[in-house]
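Novice: File work_36.tsv below, TSV, C-alpha atoms:
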chain	number	residue	atom	x	y	z
A	6	MET	CA	-32.43	26.94	-197.73
A	7	ARG	CA	-31.15	30.46	-198.04
A	8	VAL	CA	-27.50	30.68	-198.98
A	9	TYR	CA	-25.31	33.73	-199.40
A	10	VAL	CA	-22.99	33.75	-202.41
A	11	PRO	CA	-20.00	36.13	-202.24
A	12	LEU	CA	-19.24	38.05	-205.43
A	13	THR	CA	-17.75	41.26	-206.75
A	14	LEU	CA	-19.55	43.81	-208.94
A	15	PRO	CA	-17.96	42.34	-212.11
A	16	GLY	CA	-19.01	38.88	-210.90
A	17	LEU	CA	-22.55	40.15	-210.42
A	18	ALA	CA	-22.48	41.62	-213.93
A	19	GLU	CA	-21.37	38.24	-215.32
A	20	ALA	CA	-24.14	36.47	-213.39
A	21	HIS	CA	-26.69	38.97	-214.70
A	22	LYS	CA	-25.52	38.46	-218.27
A	23	ALA	CA	-25.51	34.63	-217.93
A	24	GLY	CA	-28.72	34.50	-215.90
A	25	GLU	CA	-27.03	32.30	-213.31
A	26	LEU	CA	-24.46	32.17	-210.57
A	27	GLY	CA	-21.77	29.76	-211.61
A	28	PRO	CA	-20.23	27.71	-212.93
A	29	GLY	CA	-20.30	25.21	-210.11
A	30	PRO	CA	-19.08	24.36	-207.68
A	31	LEU	CA	-20.00	27.56	-205.87
A	32	THR	CA	-18.86	28.48	-202.40
A	33	ALA	CA	-21.65	30.02	-200.35
A	34	TYR	CA	-22.54	30.56	-196.70
A	35	ALA	CA	-25.60	29.36	-194.83
A	36	VAL	CA	-26.90	28.55	-191.38
A	37	THR	CA	-25.07	25.25	-190.85
A	38	PRO	CA	-24.88	23.21	-187.64
A	39	ALA	CA	-21.30	24.46	-187.11
A	40	LEU	CA	-22.40	28.09	-187.52
A	41	ARG	CA	-25.24	27.54	-185.04
A	42	GLU	CA	-22.80	26.06	-182.52
A	43	TRP	CA	-20.28	28.86	-183.00
A	44	TYR	CA	-22.85	31.68	-182.85
A	45	VAL	CA	-24.78	30.13	-179.94
A	46	SER	CA	-28.17	31.48	-180.92
A	47	ASP	CA	-31.52	30.06	-181.84
A	48	ASP	CA	-32.69	33.29	-183.48
A	49	ILE	CA	-32.79	32.50	-187.21
A	50	GLU	CA	-32.50	36.17	-188.18
A	51	GLU	CA	-29.30	36.51	-186.17
A	52	LEU	CA	-27.95	33.30	-187.68
A	53	GLU	CA	-28.81	34.43	-191.21
A	54	TYR	CA	-27.07	37.74	-190.50
A	55	ALA	CA	-23.99	35.83	-189.33
A	56	ALA	CA	-23.99	33.79	-192.56
A	57	LEU	CA	-24.38	37.01	-194.59
A	58	ASN	CA	-21.38	38.50	-192.78
A	59	ARG	CA	-19.31	35.37	-193.47
A	60	ALA	CA	-20.15	35.80	-197.16
A	61	ALA	CA	-19.22	39.50	-196.99
A	62	ALA	CA	-15.82	38.49	-195.59
A	63	ALA	CA	-15.41	36.05	-198.48
A	64	SER	CA	-16.33	38.83	-200.93
A	65	LEU	CA	-13.57	40.95	-199.38
A	66	ARG	CA	-11.14	38.11	-200.15
A	67	LEU	CA	-12.28	38.19	-203.79
A	68	LEU	CA	-11.57	41.92	-203.86
A	69	ALA	CA	-8.12	41.40	-202.34
A	70	VAL	CA	-7.01	39.25	-205.29
A	71	ASP	CA	-8.43	41.64	-207.91
A	72	PRO	CA	-7.03	45.14	-207.30
A	73	GLY	CA	-8.77	46.57	-210.38
A	74	CYS	CA	-12.21	45.55	-209.17
A	75	PRO	CA	-14.57	48.22	-207.72
A	76	ARG	CA	-14.18	48.17	-203.96
A	77	ARG	CA	-17.67	46.96	-203.02
A	78	ARG	CA	-18.43	43.72	-201.24
A	79	VAL	CA	-21.31	41.93	-202.96
A	80	VAL	CA	-23.42	39.07	-201.61
A	81	VAL	CA	-26.35	37.45	-203.40
A	82	ALA	CA	-28.98	35.77	-201.21
A	83	VAL	CA	-30.34	32.73	-203.06
A	84	GLU	CA	-32.87	30.02	-202.24
A	85	VAL	CA	-31.66	26.49	-203.03
A	86	PRO	CA	-32.92	23.04	-202.04
A	87	ASP	CA	-31.38	21.95	-198.72
A	88	ALA	CA	-29.69	18.98	-200.38
A	89	ASP	CA	-27.84	21.30	-202.79
A	90	ALA	CA	-25.96	23.19	-200.05
A	91	VAL	CA	-23.39	20.77	-198.65
A	92	PRO	CA	-20.96	21.65	-195.84
A	93	ASP	CA	-17.52	20.05	-196.01
A	94	PRO	CA	-17.52	17.56	-193.11
A	95	ASP	CA	-13.73	17.79	-192.81
A	96	ARG	CA	-13.83	21.57	-192.33
A	97	GLY	CA	-17.00	21.84	-190.24
A	98	LEU	CA	-15.36	23.29	-187.12
A	99	ASP	CA	-12.54	25.12	-188.91
A	100	PRO	CA	-13.09	28.78	-187.93
A	101	GLY	CA	-12.37	29.83	-191.50
A	102	ALA	CA	-15.11	27.58	-192.85
A	103	LEU	CA	-17.97	28.28	-190.42
A	104	GLY	CA	-21.19	28.41	-192.42
A	105	GLU	CA	-19.42	27.51	-195.65
A	106	VAL	CA	-21.29	25.26	-198.07
A	107	ARG	CA	-20.65	24.04	-201.60
A	108	ILE	CA	-23.22	24.03	-204.36
A	109	ALA	CA	-22.27	21.65	-207.16
A	110	ARG	CA	-24.22	23.26	-209.99
A	111	PRO	CA	-24.86	26.77	-211.24
A	112	VAL	CA	-27.86	28.48	-209.64
A	113	ALA	CA	-30.34	30.45	-211.71
A	114	LEU	CA	-30.22	34.13	-210.84
A	115	ALA	CA	-34.02	34.00	-210.84
A	116	ARG	CA	-33.71	32.14	-207.51
A	117	ALA	CA	-32.08	35.17	-205.91
A	118	ALA	CA	-34.07	36.81	-203.14
A	119	ALA	CA	-31.90	39.92	-202.82
A	120	VAL	CA	-28.50	41.43	-203.43
A	121	HIS	CA	-26.43	43.04	-200.68
A	122	VAL	CA	-23.78	45.61	-201.67
A	123	ASP	CA	-21.60	48.14	-199.88
A	124	SER	CA	-22.58	51.79	-200.10
A	125	ASP	CA	-20.31	54.40	-201.68
A	126	GLU	CA	-19.35	55.54	-198.18
A	127	ALA	CA	-17.68	52.18	-197.52
A	128	ASP	CA	-15.28	52.51	-200.47
A	129	ALA	CA	-12.22	53.77	-198.56
A	130	ASP	CA	-12.60	51.29	-195.69
A	131	VAL	CA	-13.27	48.32	-197.99
A	132	SER	CA	-10.34	49.27	-200.20
A	133	ALA	CA	-8.03	49.55	-197.19
A	134	ALA	CA	-9.33	46.26	-195.78
A	135	ALA	CA	-8.73	44.43	-199.08
A	136	SER	CA	-5.17	45.76	-199.14
A	137	ALA	CA	-4.53	44.80	-195.49
A	138	LEU	CA	-6.03	41.31	-195.68
A	139	GLY	CA	-2.77	39.47	-196.41
A	140	ALA	CA	-0.98	41.07	-193.48
A	141	ALA	CA	-3.98	40.43	-191.21
A	142	ASP	CA	-3.89	36.76	-192.20
A	143	GLN	CA	-0.25	36.69	-191.08
A	144	GLY	CA	-1.21	37.94	-187.61
A	145	ASP	CA	-0.60	41.68	-187.98
A	146	GLY	CA	-2.90	43.27	-185.39
A	147	ASP	CA	-2.89	46.71	-187.04
A	148	ALA	CA	-3.86	45.15	-190.37
A	149	GLN	CA	-6.63	43.17	-188.65
A	150	PHE	CA	-7.96	46.44	-187.23
A	151	VAL	CA	-8.14	47.82	-190.79
A	152	VAL	CA	-9.92	44.68	-192.02
A	153	ASP	CA	-12.39	44.93	-189.16
A	154	GLY	CA	-13.11	48.51	-190.26
A	155	ALA	CA	-14.87	47.18	-193.37
A	156	GLU	CA	-17.17	45.13	-191.14
A	157	ASP	CA	-18.39	48.36	-189.55
A	158	HIS	CA	-20.28	49.02	-192.79
A	159	GLU	CA	-23.63	47.33	-193.23
A	160	LEU	CA	-24.29	45.96	-196.68
A	161	LEU	CA	-27.28	47.63	-198.32
A	162	TRP	CA	-30.25	45.55	-199.51
A	163	TYR	CA	-31.28	45.66	-203.16
A	164	ALA	CA	-34.08	43.92	-205.00
A	165	THR	CA	-32.96	41.68	-207.84
A	166	GLN	CA	-34.63	44.05	-210.30
A	167	GLU	CA	-31.98	46.61	-209.33
A	168	ILE	CA	-29.05	44.48	-210.52
A	169	PRO	CA	-28.76	46.30	-213.89
A	170	GLN	CA	-28.33	49.64	-212.07
A	171	LEU	CA	-25.82	48.13	-209.62
A	172	VAL	CA	-23.60	46.82	-212.40
A	173	GLY	CA	-23.99	49.91	-214.60
A	174	LEU	CA	-26.26	48.39	-217.23
A	175	GLY	CA	-29.38	50.34	-216.36
A	176	ASP	CA	-30.51	53.93	-216.13
Written as structure tokens, that's how I'd like the structure from this file.
Specialist:
Amino acid sequence: MRVYVPLTLPGLAEAHKAGELGPGPLTAYAVTPALREWYVSDDIEELEYAALNRAAAASLRLLAVDPGCPRRRVVVAVEVPDADAVPDPDRGLDPGALGEVRIARPVALARAAAVHVDSDEADADVSAAASALGAADQGDGDAQFVVDGAEDHELLWYATQEIPQLVGLGD
């Protein structure tokens, strides 16, 4: 099963150094039954894209609690055995948990299929969205508009071999 693990650039650097995503439990996003029901599509590519976007939103939340972190949403796409990605049955239909799964153990970075990261052009919108997230959560419509602005930016696809350059460890 493909899962999407939300990170930050420093989190990606730590994973690169350790050779794994972890420690567990990890929160990730995947095509779950609840996500399928919410998205109302049978197209697996659309569903995977929805799970990726859920992970990007979770990455934004990580940025919101770490103001010193570079303002780039980061999502690592990883292959794990189906049994390792477990949705919380009590939160299955909670809109905030759609597609959310837990992975009990660390996952080897070698299992990563790709890394998705914001472009430099997204910096201002992602930074503003991270700052507005708290107000948006409290129902502020203007703040929600700012948060939605980050979603207008597509995450770029990178091969796992490019991780050193993404985290500033390569040429």
Novice: From the set A:Ala148, A:Ala109, A:Leu171, A:Leu65, which residue has the shortest atom-to-atom contact distance to A:Ser132, counting all atoms listed in the file?
Specialist: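 Closest to A:Ser132 of all the choices is A:Leu65.
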Novice: Please compute the atom CA of A:Ala18-atom CA of A:Leu114 distance, one decimal, in Å.
Specialist: 11.2 Å
Novice: Please list as a count of residues only every residue within 9 Å of stretch 46-54 of chain A, counting only C-alpha atoms and excluding residues in the same chain fewer than 6 positions away.
Specialist: 6
Novice: Considering only C-alpha atoms, state which residue in the set A:Asp71, A:Asp95, A:Asp157, A:Glu84 is at the smallest distance from A:Leu14.
Specialist: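 Among the listed residues, the smallest separation from A:Leu14 belongs to A:Asp71.
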Novice: Could you state the separation of atom CA of A:Val79 and atom CA of A:Gly154 in Å, given to one decimal place?
Specialist: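 Between these atoms lies a distance of 16.5 Å.
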Novice: Export stretch 132-145 of chain A from the structure block above, keeping N, CA and C atoms, as a compact mmCIF listing (two decimals), in the first residue's frame.
Specialist:
# COMPACT_ATOMS: atom_id res chain seq x y z
N SER A 132 3.96 30.09 3.92
CA SER A 132 4.27 30.79 5.16
C SER A 132 3.02 31.48 5.71
N ALA A 133 2.29 32.16 4.85
CA ALA A 133 1.06 32.83 5.28
C ALA A 133 0.03 31.82 5.76
N ALA A 134 -0.08 30.70 5.07
CA ALA A 134 -1.05 29.66 5.45
C ALA A 134 -0.70 29.07 6.81
N ALA A 135 0.59 28.81 7.06
CA ALA A 135 1.01 28.27 8.35
C ALA A 135 0.67 29.24 9.47
N SER A 136 0.85 30.53 9.22
CA SER A 136 0.54 31.54 10.23
C SER A 136 -0.97 31.69 10.46
N ALA A 137 -1.76 31.47 9.43
CA ALA A 137 -3.22 31.65 9.52
C ALA A 137 -3.96 30.40 9.98
N LEU A 138 -3.28 29.28 10.10
CA LEU A 138 -3.94 28.01 10.37
C LEU A 138 -4.75 28.03 11.66
N GLY A 139 -4.20 28.57 12.73
CA GLY A 139 -4.92 28.61 14.01
C GLY A 139 -6.23 29.36 13.91
N ALA A 140 -6.19 30.52 13.28
CA ALA A 140 -7.41 31.31 13.11
C ALA A 140 -8.41 30.59 12.20
N ALA A 141 -7.91 29.94 11.17
CA ALA A 141 -8.79 29.18 10.27
C ALA A 141 -9.48 28.05 11.04
N ASP A 142 -8.74 27.40 11.91
CA ASP A 142 -9.32 26.32 12.72
C ASP A 142 -10.43 26.84 13.63
N GLN A 143 -10.36 28.12 13.99
CA GLN A 143 -11.37 28.72 14.85
C GLN A 143 -12.56 29.30 14.06
N GLY A 144 -12.55 29.06 12.74
CA GLY A 144 -13.69 29.48 11.92
C GLY A 144 -13.53 30.80 11.21
N ASP A 145 -12.38 31.40 11.24
CA ASP A 145 -12.14 32.67 10.55
C ASP A 145 -12.08 32.42 9.04
